[in-house]
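Engineer: Just dropping this structure here.
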Amino acid sequence: MTIFVDMDDVLADTYGKHIELYNKEHKQELSLAHIESGEVWHNVPEIHQESILQHAYQDGFFRNLEPIKDAIQVMEALYNKHEVYIATAATQFPNSLKEKSDWLDQYMPFITWQHRIMCGHKFILKGDLLIDDRTYNLEKFDGDTLLFNSPHNINDTGYTRVSSWLEIAERLL
């Protein structure tokens, strides 16, 4: 089986990093418990929204993300059983291409450079399964899809959802 896996909010905790930086910048105590849905910037006062939108342009933003719980172990097992590729939008922000590659070198060195697709649109991918947190990536993919839960996609419907890497392991290993 050929599997494509997104990075942001699937392997790496982008959402949590936005909250961490927001709290540090504005001396707040926002947490996931305070958020019911939407992007982080949807859940803060309007005067602070632009600062969150600028996080992805900061040096080190993508490099310093924490791995999603159980992602490393399950990805290694998937990689040993299936044809697994990272498929991530890495050209939208100036630093993300190198930082995402460095992140993979640190946390998932078993994913070789030949299995890293740093791209824009994902509808060009041809394979069996795409695991992503953005429905706009899933809707045009010509294969099966899994929507990885995130507060920003909580109201999206029409996709098979997974809420953890252990759930992915149960389905695919």
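Scheme for the structure tokens: letters A, B, ... for chains in order shown; per-chain residue numbers from 1; ligand numbers from 1 in order shown.
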Would you list the contacts of Phe93 (chain A) as a ChimeraX atom specification, taking every protein, DNA or RNA residue within 10 Å and counting only C-alpha atoms, but skipping same-chain residues closer than 6 positions in sequence?

Structural biologist: /A:56-58,62

Engineer: If we count only C-alpha atoms, what is near Gln28 (chain A) at a cut-off of 10 Å, once residues fewer than 5 positions away on the same chain are taken out, given as a short mmCIF file (atom, residue, chain, number, x, y, z; two decimals) with all heavy atoms, in the first residue's frame?

Structural biologist:
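Wrote selection_15.cif, looks like this:
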data_model
loop_
_atom_site.label_atom_id
_atom_site.label_comp_id
_atom_site.auth_asym_id
_atom_site.auth_seq_id
_atom_site.Cartn_x
_atom_site.Cartn_y
_atom_site.Cartn_z
N ILE A 19 -0.37 28.01 20.00
CA ILE A 19 -0.87 28.34 21.34
C ILE A 19 0.29 28.74 22.26
O ILE A 19 0.22 29.74 22.97
CB ILE A 19 -1.67 27.16 21.93
CG1 ILE A 19 -2.98 26.97 21.15
CG2 ILE A 19 -1.95 27.39 23.42
CD1 ILE A 19 -3.75 25.72 21.54
N GLU A 20 1.36 27.95 22.23
CA GLU A 20 2.53 28.25 23.07
C GLU A 20 3.09 29.64 22.77
O GLU A 20 3.36 30.43 23.69
CB GLU A 20 3.61 27.19 22.82
CG GLU A 20 4.92 27.45 23.52
CD GLU A 20 6.01 26.50 23.03
OE1 GLU A 20 5.72 25.33 22.72
OE2 GLU A 20 7.17 26.95 22.96
N LEU A 21 3.27 29.95 21.50
CA LEU A 21 3.83 31.26 21.13
C LEU A 21 2.87 32.39 21.46
O LEU A 21 3.28 33.46 21.92
CB LEU A 21 4.19 31.28 19.64
CG LEU A 21 5.37 30.40 19.24
CD1 LEU A 21 5.53 30.37 17.72
CD2 LEU A 21 6.65 30.84 19.92
N TYR A 22 1.58 32.16 21.23
CA TYR A 22 0.58 33.17 21.57
C TYR A 22 0.63 33.50 23.07
O TYR A 22 0.65 34.67 23.46
CB TYR A 22 -0.83 32.70 21.19
CG TYR A 22 -1.92 33.57 21.74
CD1 TYR A 22 -2.18 34.82 21.20
CD2 TYR A 22 -2.67 33.15 22.85
CE1 TYR A 22 -3.17 35.64 21.73
CE2 TYR A 22 -3.66 33.96 23.38
CZ TYR A 22 -3.90 35.20 22.81
OH TYR A 22 -4.87 36.02 23.34
N ASN A 23 0.65 32.47 23.91
CA ASN A 23 0.69 32.68 25.35
C ASN A 23 1.94 33.44 25.77
O ASN A 23 1.88 34.33 26.62
CB ASN A 23 0.61 31.34 26.09
CG ASN A 23 -0.78 30.75 26.03
OD1 ASN A 23 -1.77 31.45 25.84
ND2 ASN A 23 -0.86 29.44 26.20
N VAL A 44 -8.85 33.95 19.62
CA VAL A 44 -8.18 34.99 20.40
C VAL A 44 -8.79 36.35 20.03
O VAL A 44 -9.46 36.48 19.00
CB VAL A 44 -6.66 35.00 20.16
CG1 VAL A 44 -6.04 33.64 20.51
CG2 VAL A 44 -6.32 35.41 18.74
#

Engineer: With distances taken over only C-alpha atoms, which of A:Asp59, A:Glu167, A:Asp8, A:Glu46 is nearest to Glu99 (chain A)?

Structural biologist: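 Result for the nearest residue to Glu99 (chain A): A:Asp59.
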
Engineer: Give me every strand (DSSP E) residue in chain A, going by DSSP on the backbone, as a list in words.

Structural biologist: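 So the strand (DSSP E) residues in chain A would be Thr2, Ile3, Phe4, Val5, Glu83, Val84, Tyr85, Ile86, Ala87, Thr88, Ala89, Arg116, Ile117, Met118, Cys119, Leu129, Leu130, Ile131, Asp132, Asp144, Thr145, Leu146, Leu147, Phe148, Arg161 and Val162 of chain A.
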
Engineer: Residues as selected, N, CA, C and O atoms, written as a compact mmCIF listing (two decimals), in the first residue's frame, can you do that?

Structural biologist:
# COMPACT_ATOMS: atom_id res chain seq x y z
N THR A 2 0.56 2.21 -0.83
CA THR A 2 1.28 3.49 -0.86
C THR A 2 0.51 4.50 -0.03
O THR A 2 -0.65 4.80 -0.32
N ILE A 3 1.17 5.01 1.01
CA ILE A 3 0.54 5.92 1.97
C ILE A 3 1.28 7.25 1.97
O ILE A 3 2.51 7.28 2.08
N PHE A 4 0.53 8.34 1.86
CA PHE A 4 1.08 9.69 1.99
C PHE A 4 0.61 10.26 3.32
O PHE A 4 -0.56 10.14 3.68
N VAL A 5 1.55 10.88 4.05
CA VAL A 5 1.25 11.42 5.38
C VAL A 5 1.66 12.89 5.43
O VAL A 5 2.80 13.23 5.11
N GLU A 83 4.68 1.31 1.68
CA GLU A 83 5.43 2.34 0.96
C GLU A 83 4.91 3.69 1.48
O GLU A 83 3.82 4.13 1.10
N VAL A 84 5.65 4.31 2.38
CA VAL A 84 5.20 5.51 3.07
C VAL A 84 6.00 6.73 2.61
O VAL A 84 7.23 6.67 2.54
N TYR A 85 5.27 7.81 2.33
CA TYR A 85 5.87 9.08 1.93
C TYR A 85 5.33 10.20 2.80
O TYR A 85 4.14 10.22 3.11
N ILE A 86 6.19 11.13 3.14
CA ILE A 86 5.75 12.38 3.75
C ILE A 86 5.32 13.28 2.59
O ILE A 86 6.05 13.43 1.61
N ALA A 87 4.14 13.86 2.68
CA ALA A 87 3.66 14.80 1.66
C ALA A 87 3.20 16.05 2.39
O ALA A 87 2.14 16.08 3.01
N THR A 88 4.04 17.07 2.35
CA THR A 88 3.76 18.27 3.12
C THR A 88 3.93 19.53 2.28
O THR A 88 4.80 19.59 1.42
N ALA A 89 3.08 20.49 2.55
CA ALA A 89 3.19 21.79 1.89
C ALA A 89 4.39 22.51 2.52
O ALA A 89 4.30 22.99 3.64
N ARG A 116 10.30 11.87 0.84
CA ARG A 116 9.84 13.17 1.31
C ARG A 116 9.38 13.99 0.11
O ARG A 116 10.19 14.33 -0.75
N ILE A 117 8.11 14.28 0.08
CA ILE A 117 7.56 15.09 -1.02
C ILE A 117 7.17 16.44 -0.43
O ILE A 117 6.19 16.55 0.31
N MET A 118 7.97 17.44 -0.73
CA MET A 118 7.71 18.80 -0.25
C MET A 118 7.02 19.52 -1.39
O MET A 118 7.63 19.82 -2.42
N CYS A 119 5.73 19.76 -1.23
CA CYS A 119 4.92 20.19 -2.36
C CYS A 119 3.94 21.29 -1.99
O CYS A 119 3.89 21.74 -0.86
N LEU A 129 -3.60 5.89 -0.05
CA LEU A 129 -4.14 6.54 1.13
C LEU A 129 -3.41 7.85 1.40
O LEU A 129 -2.19 7.92 1.30
N LEU A 130 -4.19 8.87 1.78
CA LEU A 130 -3.65 10.15 2.23
C LEU A 130 -4.18 10.42 3.63
O LEU A 130 -5.39 10.40 3.86
N ILE A 131 -3.26 10.65 4.57
CA ILE A 131 -3.61 11.02 5.94
C ILE A 131 -3.29 12.50 6.09
O ILE A 131 -2.12 12.90 5.96
N ASP A 132 -4.31 13.32 6.35
CA ASP A 132 -4.13 14.77 6.38
C ASP A 132 -5.15 15.37 7.33
O ASP A 132 -6.16 14.74 7.63
N ASP A 144 -8.11 6.44 -0.97
CA ASP A 144 -8.74 6.51 0.35
C ASP A 144 -8.10 7.64 1.15
O ASP A 144 -6.96 8.02 0.92
N THR A 145 -8.85 8.13 2.13
CA THR A 145 -8.36 9.22 2.96
C THR A 145 -8.70 8.99 4.42
O THR A 145 -9.67 8.31 4.75
N LEU A 146 -7.86 9.56 5.28
CA LEU A 146 -8.14 9.63 6.71
C LEU A 146 -7.94 11.07 7.14
O LEU A 146 -6.90 11.67 6.86
N LEU A 147 -8.96 11.63 7.79
CA LEU A 147 -8.89 12.99 8.31
C LEU A 147 -8.39 12.94 9.75
O LEU A 147 -9.07 12.38 10.62
N PHE A 148 -7.21 13.50 9.98
CA PHE A 148 -6.64 13.51 11.32
C PHE A 148 -7.27 14.64 12.11
O PHE A 148 -7.24 15.79 11.70
N ARG A 161 -12.53 9.75 10.04
CA ARG A 161 -11.66 10.45 10.98
C ARG A 161 -10.82 9.48 11.79
O ARG A 161 -11.25 8.38 12.10
N VAL A 162 -9.64 9.97 12.16
CA VAL A 162 -8.81 9.28 13.13
C VAL A 162 -8.39 10.32 14.16
O VAL A 162 -8.13 11.48 13.83

Engineer: Can you tell me, as a list in words, what residues are no more than 12 Å from Ile154 (chain A) when counting only C-alpha atoms, ignoring any on the same chain fewer than 5 positions away?

Structural biologist: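 Listing them by chain and then by number gives Ile35, Glu36, Ser37, Gly38, Glu39, Asp133, Arg134, Thr135, Leu147, Phe148, Asn149, Tyr159, Arg161, Val162 and Ser163 of chain A.
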
Engineer: Keeping only C-alpha atoms, write the selected residues as a PDB file, in the first residue's frame.

Structural biologist:
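Here's the written file out-v9.pdb:
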ATOM      1  CA  ILE A  35     -10.936  25.918  22.086  1.00  0.00           C
ATOM      2  CA  GLU A  36     -14.042  24.265  20.678  1.00  0.00           C
ATOM      3  CA  SER A  37     -13.309  24.724  16.973  1.00  0.00           C
ATOM      4  CA  GLY A  38     -11.455  26.764  14.401  1.00  0.00           C
ATOM      5  CA  GLU A  39      -7.899  27.909  13.917  1.00  0.00           C
ATOM      6  CA  ASP A 133      -5.837  17.287   8.658  1.00  0.00           C
ATOM      7  CA  ARG A 134      -7.063  19.533   5.811  1.00  0.00           C
ATOM      8  CA  THR A 135     -10.147  18.485   3.880  1.00  0.00           C
ATOM      9  CA  LEU A 147      -8.891  12.992   8.310  1.00  0.00           C
ATOM     10  CA  PHE A 148      -6.637  13.507  11.323  1.00  0.00           C
ATOM     11  CA  ASN A 149      -8.587  15.278  14.071  1.00  0.00           C
ATOM     12  CA  TYR A 159     -14.400  11.822   5.781  1.00  0.00           C
ATOM     13  CA  ARG A 161     -11.662  10.455  10.982  1.00  0.00           C
ATOM     14  CA  VAL A 162      -8.808   9.285  13.133  1.00  0.00           C
ATOM     15  CA  SER A 163      -8.037  10.865  16.471  1.00  0.00           C
TER      16      SER A 163
END

Engineer: Closest to Leu11 (chain A) among A:Gly60, A:Ile52, A:Lys69, A:Glu25, using only C-alpha atoms?

Structural biologist: A:Lys69

Engineer: Looking at A:Pro109, A:Pro151, A:Pro94, A:Pro67, which one is nearest to Ala12 (chain A), with distances taken over only C-alpha atoms?

Structural biologist: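 For Ala12 (chain A), the nearest of the given residues is A:Pro67.
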
Engineer: Run DSSP on the backbone and give me the residues of chain A it puts in alpha helix (DSSP H), as an mmCIF file with N, CA, C and O atoms, in the first residue's frame.

Structural biologist:
data_model
loop_
_atom_site.group_PDB
_atom_site.id
_atom_site.type_symbol
_atom_site.label_atom_id
_atom_site.label_comp_id
_atom_site.auth_asym_id
_atom_site.auth_seq_id
_atom_site.Cartn_x
_atom_site.Cartn_y
_atom_site.Cartn_z
ATOM 1 N N THR A 14 1.710 21.658 15.144
ATOM 2 C CA THR A 14 1.669 23.067 14.744
ATOM 3 C C THR A 14 0.666 23.839 15.594
ATOM 4 O O THR A 14 0.948 24.955 16.047
ATOM 5 N N TYR A 15 -0.488 23.268 15.814
ATOM 6 C CA TYR A 15 -1.551 23.928 16.577
ATOM 7 C C TYR A 15 -1.064 24.274 17.983
ATOM 8 O O TYR A 15 -1.233 25.389 18.470
ATOM 9 N N GLY A 16 -0.424 23.302 18.626
ATOM 10 C CA GLY A 16 0.100 23.523 19.972
ATOM 11 C C GLY A 16 1.185 24.583 20.009
ATOM 12 O O GLY A 16 1.280 25.360 20.965
ATOM 13 N N LYS A 17 2.017 24.638 18.961
ATOM 14 C CA LYS A 17 3.080 25.649 18.901
ATOM 15 C C LYS A 17 2.482 27.045 18.777
ATOM 16 O O LYS A 17 2.968 27.988 19.400
ATOM 17 N N HIS A 18 1.405 27.181 17.985
ATOM 18 C CA HIS A 18 0.732 28.487 17.887
ATOM 19 C C HIS A 18 0.227 28.932 19.264
ATOM 20 O O HIS A 18 0.379 30.094 19.643
ATOM 21 N N ILE A 19 -0.367 28.010 20.002
ATOM 22 C CA ILE A 19 -0.868 28.341 21.341
ATOM 23 C C ILE A 19 0.288 28.735 22.258
ATOM 24 O O ILE A 19 0.217 29.743 22.973
ATOM 25 N N GLU A 20 1.360 27.954 22.233
ATOM 26 C CA GLU A 20 2.528 28.250 23.068
ATOM 27 C C GLU A 20 3.091 29.644 22.774
ATOM 28 O O GLU A 20 3.355 30.428 23.693
ATOM 29 N N LEU A 21 3.271 29.952 21.504
ATOM 30 C CA LEU A 21 3.832 31.260 21.128
ATOM 31 C C LEU A 21 2.866 32.394 21.464
ATOM 32 O O LEU A 21 3.285 33.460 21.923
ATOM 33 N N TYR A 22 1.577 32.160 21.234
ATOM 34 C CA TYR A 22 0.575 33.174 21.573
ATOM 35 C C TYR A 22 0.626 33.497 23.068
ATOM 36 O O TYR A 22 0.651 34.671 23.464
ATOM 37 N N ASN A 23 0.648 32.471 23.906
ATOM 38 C CA ASN A 23 0.689 32.679 25.354
ATOM 39 C C ASN A 23 1.941 33.445 25.770
ATOM 40 O O ASN A 23 1.883 34.332 26.622
ATOM 41 N N LYS A 24 3.057 33.105 25.160
ATOM 42 C CA LYS A 24 4.318 33.778 25.484
ATOM 43 C C LYS A 24 4.292 35.245 25.035
ATOM 44 O O LYS A 24 4.683 36.130 25.787
ATOM 45 N N GLU A 25 3.819 35.490 23.829
ATOM 46 C CA GLU A 25 3.794 36.846 23.269
ATOM 47 C C GLU A 25 2.821 37.763 23.997
ATOM 48 O O GLU A 25 3.080 38.951 24.156
ATOM 49 N N HIS A 26 1.687 37.238 24.399
ATOM 50 C CA HIS A 26 0.606 38.074 24.949
ATOM 51 C C HIS A 26 0.321 37.791 26.420
ATOM 52 O O HIS A 26 -0.683 38.274 26.956
ATOM 53 N N GLU A 46 -9.362 39.898 18.441
ATOM 54 C CA GLU A 46 -9.003 40.356 17.097
ATOM 55 C C GLU A 46 -7.655 41.076 17.069
ATOM 56 O O GLU A 46 -6.876 40.910 16.124
ATOM 57 N N ILE A 47 -7.356 41.819 18.090
ATOM 58 C CA ILE A 47 -6.104 42.576 18.137
ATOM 59 C C ILE A 47 -4.866 41.665 18.144
ATOM 60 O O ILE A 47 -3.782 42.071 17.761
ATOM 61 N N HIS A 48 -5.018 40.392 18.522
ATOM 62 C CA HIS A 48 -3.902 39.447 18.589
ATOM 63 C C HIS A 48 -3.839 38.498 17.389
ATOM 64 O O HIS A 48 -2.878 37.728 17.259
ATOM 65 N N GLN A 49 -4.828 38.517 16.538
ATOM 66 C CA GLN A 49 -4.908 37.535 15.464
ATOM 67 C C GLN A 49 -3.730 37.600 14.492
ATOM 68 O O GLN A 49 -3.188 36.566 14.099
ATOM 69 N N GLU A 50 -3.308 38.770 14.126
ATOM 70 C CA GLU A 50 -2.215 38.911 13.153
ATOM 71 C C GLU A 50 -0.916 38.312 13.684
ATOM 72 O O GLU A 50 -0.147 37.728 12.914
ATOM 73 N N SER A 51 -0.673 38.417 14.989
ATOM 74 C CA SER A 51 0.571 37.852 15.530
ATOM 75 C C SER A 51 0.609 36.337 15.326
ATOM 76 O O SER A 51 1.673 35.767 15.038
ATOM 77 N N ILE A 52 -0.532 35.689 15.460
ATOM 78 C CA ILE A 52 -0.583 34.237 15.240
ATOM 79 C C ILE A 52 -0.350 33.903 13.774
ATOM 80 O O ILE A 52 0.371 32.960 13.445
ATOM 81 N N LEU A 53 -0.917 34.692 12.893
ATOM 82 C CA LEU A 53 -0.730 34.461 11.457
ATOM 83 C C LEU A 53 0.729 34.622 11.040
ATOM 84 O O LEU A 53 1.153 34.067 10.020
ATOM 85 N N ALA A 71 3.319 9.293 17.080
ATOM 86 C CA ALA A 71 3.554 9.394 15.634
ATOM 87 C C ALA A 71 4.859 8.717 15.221
ATOM 88 O O ALA A 71 4.894 8.015 14.196
ATOM 89 N N ILE A 72 5.912 8.911 15.963
ATOM 90 C CA ILE A 72 7.215 8.380 15.563
ATOM 91 C C ILE A 72 7.184 6.850 15.501
ATOM 92 O O ILE A 72 7.578 6.253 14.488
ATOM 93 N N GLN A 73 6.706 6.208 16.551
ATOM 94 C CA GLN A 73 6.698 4.747 16.608
ATOM 95 C C GLN A 73 5.788 4.151 15.538
ATOM 96 O O GLN A 73 6.146 3.172 14.880
ATOM 97 N N VAL A 74 4.607 4.724 15.377
ATOM 98 C CA VAL A 74 3.670 4.173 14.387
ATOM 99 C C VAL A 74 4.181 4.419 12.972
ATOM 100 O O VAL A 74 4.090 3.528 12.119
ATOM 101 N N MET A 75 4.749 5.587 12.725
ATOM 102 C CA MET A 75 5.298 5.855 11.390
ATOM 103 C C MET A 75 6.417 4.885 11.044
ATOM 104 O O MET A 75 6.496 4.407 9.906
ATOM 105 N N GLU A 76 7.264 4.574 12.004
ATOM 106 C CA GLU A 76 8.353 3.626 11.717
ATOM 107 C C GLU A 76 7.783 2.250 11.385
ATOM 108 O O GLU A 76 8.238 1.585 10.453
ATOM 109 N N ALA A 77 6.768 1.825 12.120
ATOM 110 C CA ALA A 77 6.135 0.537 11.831
ATOM 111 C C ALA A 77 5.451 0.558 10.463
ATOM 112 O O ALA A 77 5.557 -0.414 9.695
ATOM 113 N N LEU A 78 4.765 1.643 10.144
ATOM 114 C CA LEU A 78 4.136 1.769 8.824
ATOM 115 C C LEU A 78 5.180 1.736 7.714
ATOM 116 O O LEU A 78 4.999 1.091 6.679
ATOM 117 N N TYR A 79 6.270 2.464 7.934
ATOM 118 C CA TYR A 79 7.349 2.547 6.945
ATOM 119 C C TYR A 79 7.954 1.161 6.677
ATOM 120 O O TYR A 79 8.346 0.871 5.550
ATOM 121 N N ASN A 80 8.005 0.339 7.702
ATOM 122 C CA ASN A 80 8.555 -1.012 7.539
ATOM 123 C C ASN A 80 7.584 -1.977 6.860
ATOM 124 O O ASN A 80 8.007 -3.006 6.349
ATOM 125 N N LYS A 81 6.307 -1.629 6.840
ATOM 126 C CA LYS A 81 5.295 -2.521 6.258
ATOM 127 C C LYS A 81 4.762 -2.033 4.908
ATOM 128 O O LYS A 81 4.374 -2.840 4.066
ATOM 129 N N SER A 96 10.115 26.944 5.731
ATOM 130 C CA SER A 96 9.551 25.630 6.045
ATOM 131 C C SER A 96 10.222 24.468 5.318
ATOM 132 O O SER A 96 10.327 23.385 5.890
ATOM 133 N N LEU A 97 10.695 24.653 4.129
ATOM 134 C CA LEU A 97 11.301 23.544 3.388
ATOM 135 C C LEU A 97 12.483 22.954 4.154
ATOM 136 O O LEU A 97 12.516 21.763 4.451
ATOM 137 N N LYS A 98 13.440 23.774 4.511
ATOM 138 C CA LYS A 98 14.620 23.295 5.246
ATOM 139 C C LYS A 98 14.252 22.855 6.654
ATOM 140 O O LYS A 98 14.720 21.810 7.124
ATOM 141 N N GLU A 99 13.420 23.633 7.327
ATOM 142 C CA GLU A 99 13.074 23.297 8.709
ATOM 143 C C GLU A 99 12.314 21.981 8.807
ATOM 144 O O GLU A 99 12.536 21.192 9.731
ATOM 145 N N LYS A 100 11.421 21.724 7.866
ATOM 146 C CA LYS A 100 10.687 20.456 7.893
ATOM 147 C C LYS A 100 11.613 19.280 7.597
ATOM 148 O O LYS A 100 11.498 18.220 8.213
ATOM 149 N N SER A 101 12.534 19.475 6.684
ATOM 150 C CA SER A 101 13.506 18.423 6.395
ATOM 151 C C SER A 101 14.391 18.151 7.612
ATOM 152 O O SER A 101 14.646 16.992 7.963
ATOM 153 N N ASP A 102 14.842 19.210 8.279
ATOM 154 C CA ASP A 102 15.646 19.046 9.500
ATOM 155 C C ASP A 102 14.839 18.359 10.608
ATOM 156 O O ASP A 102 15.369 17.529 11.348
ATOM 157 N N TRP A 103 13.554 18.702 10.713
ATOM 158 C CA TRP A 103 12.684 18.074 11.714
ATOM 159 C C TRP A 103 12.595 16.564 11.456
ATOM 160 O O TRP A 103 12.721 15.761 12.377
ATOM 161 N N LEU A 104 12.399 16.207 10.191
ATOM 162 C CA LEU A 104 12.332 14.780 9.840
ATOM 163 C C LEU A 104 13.655 14.079 10.119
ATOM 164 O O LEU A 104 13.671 12.944 10.594
ATOM 165 N N ASP A 105 14.779 14.747 9.837
ATOM 166 C CA ASP A 105 16.089 14.163 10.141
ATOM 167 C C ASP A 105 16.207 13.842 11.624
ATOM 168 O O ASP A 105 16.768 12.811 11.998
ATOM 169 N N GLN A 106 15.682 14.714 12.467
ATOM 170 C CA GLN A 106 15.780 14.498 13.912
ATOM 171 C C GLN A 106 14.816 13.434 14.414
ATOM 172 O O GLN A 106 15.207 12.522 15.137
ATOM 173 N N TYR A 107 13.547 13.558 14.049
ATOM 174 C CA TYR A 107 12.521 12.706 14.654
ATOM 175 C C TYR A 107 12.210 11.432 13.862
ATOM 176 O O TYR A 107 11.771 10.447 14.449
ATOM 177 N N THR A 135 -9.229 19.128 4.826
ATOM 178 C CA THR A 135 -10.147 18.485 3.880
ATOM 179 C C THR A 135 -9.886 18.926 2.445
ATOM 180 O O THR A 135 -10.124 18.153 1.526
ATOM 181 N N TYR A 136 -9.374 20.139 2.241
ATOM 182 C CA TYR A 136 -9.105 20.567 0.865
ATOM 183 C C TYR A 136 -8.009 19.715 0.221
ATOM 184 O O TYR A 136 -7.945 19.616 -0.999
ATOM 185 N N ASN A 137 -7.163 19.076 1.023
ATOM 186 C CA ASN A 137 -6.185 18.138 0.471
ATOM 187 C C ASN A 137 -6.816 16.776 0.204
ATOM 188 O O ASN A 137 -6.447 16.085 -0.736
ATOM 189 N N LEU A 138 -7.768 16.397 1.039
ATOM 190 C CA LEU A 138 -8.397 15.086 0.899
ATOM 191 C C LEU A 138 -9.422 15.040 -0.223
ATOM 192 O O LEU A 138 -9.564 14.014 -0.894
ATOM 193 N N TRP A 165 -2.546 8.400 16.606
ATOM 194 C CA TRP A 165 -1.678 7.500 15.845
ATOM 195 C C TRP A 165 -1.901 6.043 16.228
ATOM 196 O O TRP A 165 -1.695 5.152 15.408
ATOM 197 N N LEU A 166 -2.351 5.800 17.445
ATOM 198 C CA LEU A 166 -2.664 4.422 17.825
ATOM 199 C C LEU A 166 -3.862 3.912 17.036
ATOM 200 O O LEU A 166 -3.913 2.732 16.657
ATOM 201 N N GLU A 167 -4.811 4.787 16.757
ATOM 202 C CA GLU A 167 -5.961 4.410 15.926
ATOM 203 C C GLU A 167 -5.511 4.102 14.503
ATOM 204 O O GLU A 167 -6.002 3.138 13.877
ATOM 205 N N ILE A 168 -4.573 4.865 13.990
ATOM 206 C CA ILE A 168 -4.019 4.588 12.663
ATOM 207 C C ILE A 168 -3.318 3.230 12.665
ATOM 208 O O ILE A 168 -3.473 2.434 11.734
ATOM 209 N N ALA A 169 -2.569 2.960 13.721
ATOM 210 C CA ALA A 169 -1.882 1.668 13.831
ATOM 211 C C ALA A 169 -2.879 0.512 13.799
ATOM 212 O O ALA A 169 -2.644 -0.502 13.113
ATOM 213 N N GLU A 170 -3.990 0.645 14.514
ATOM 214 C CA GLU A 170 -5.020 -0.406 14.530
ATOM 215 C C GLU A 170 -5.570 -0.653 13.128
ATOM 216 O O GLU A 170 -5.874 -1.797 12.767
ATOM 217 N N ARG A 171 -5.705 0.389 12.331
ATOM 218 C CA ARG A 171 -6.277 0.265 10.994
ATOM 219 C C ARG A 171 -5.278 -0.291 9.971
ATOM 220 O O ARG A 171 -5.674 -1.000 9.046
ATOM 221 N N LEU A 172 -4.011 0.059 10.113
ATOM 222 C CA LEU A 172 -3.055 -0.186 9.026
ATOM 223 C C LEU A 172 -1.926 -1.172 9.334
ATOM 224 O O LEU A 172 -1.193 -1.559 8.431
#
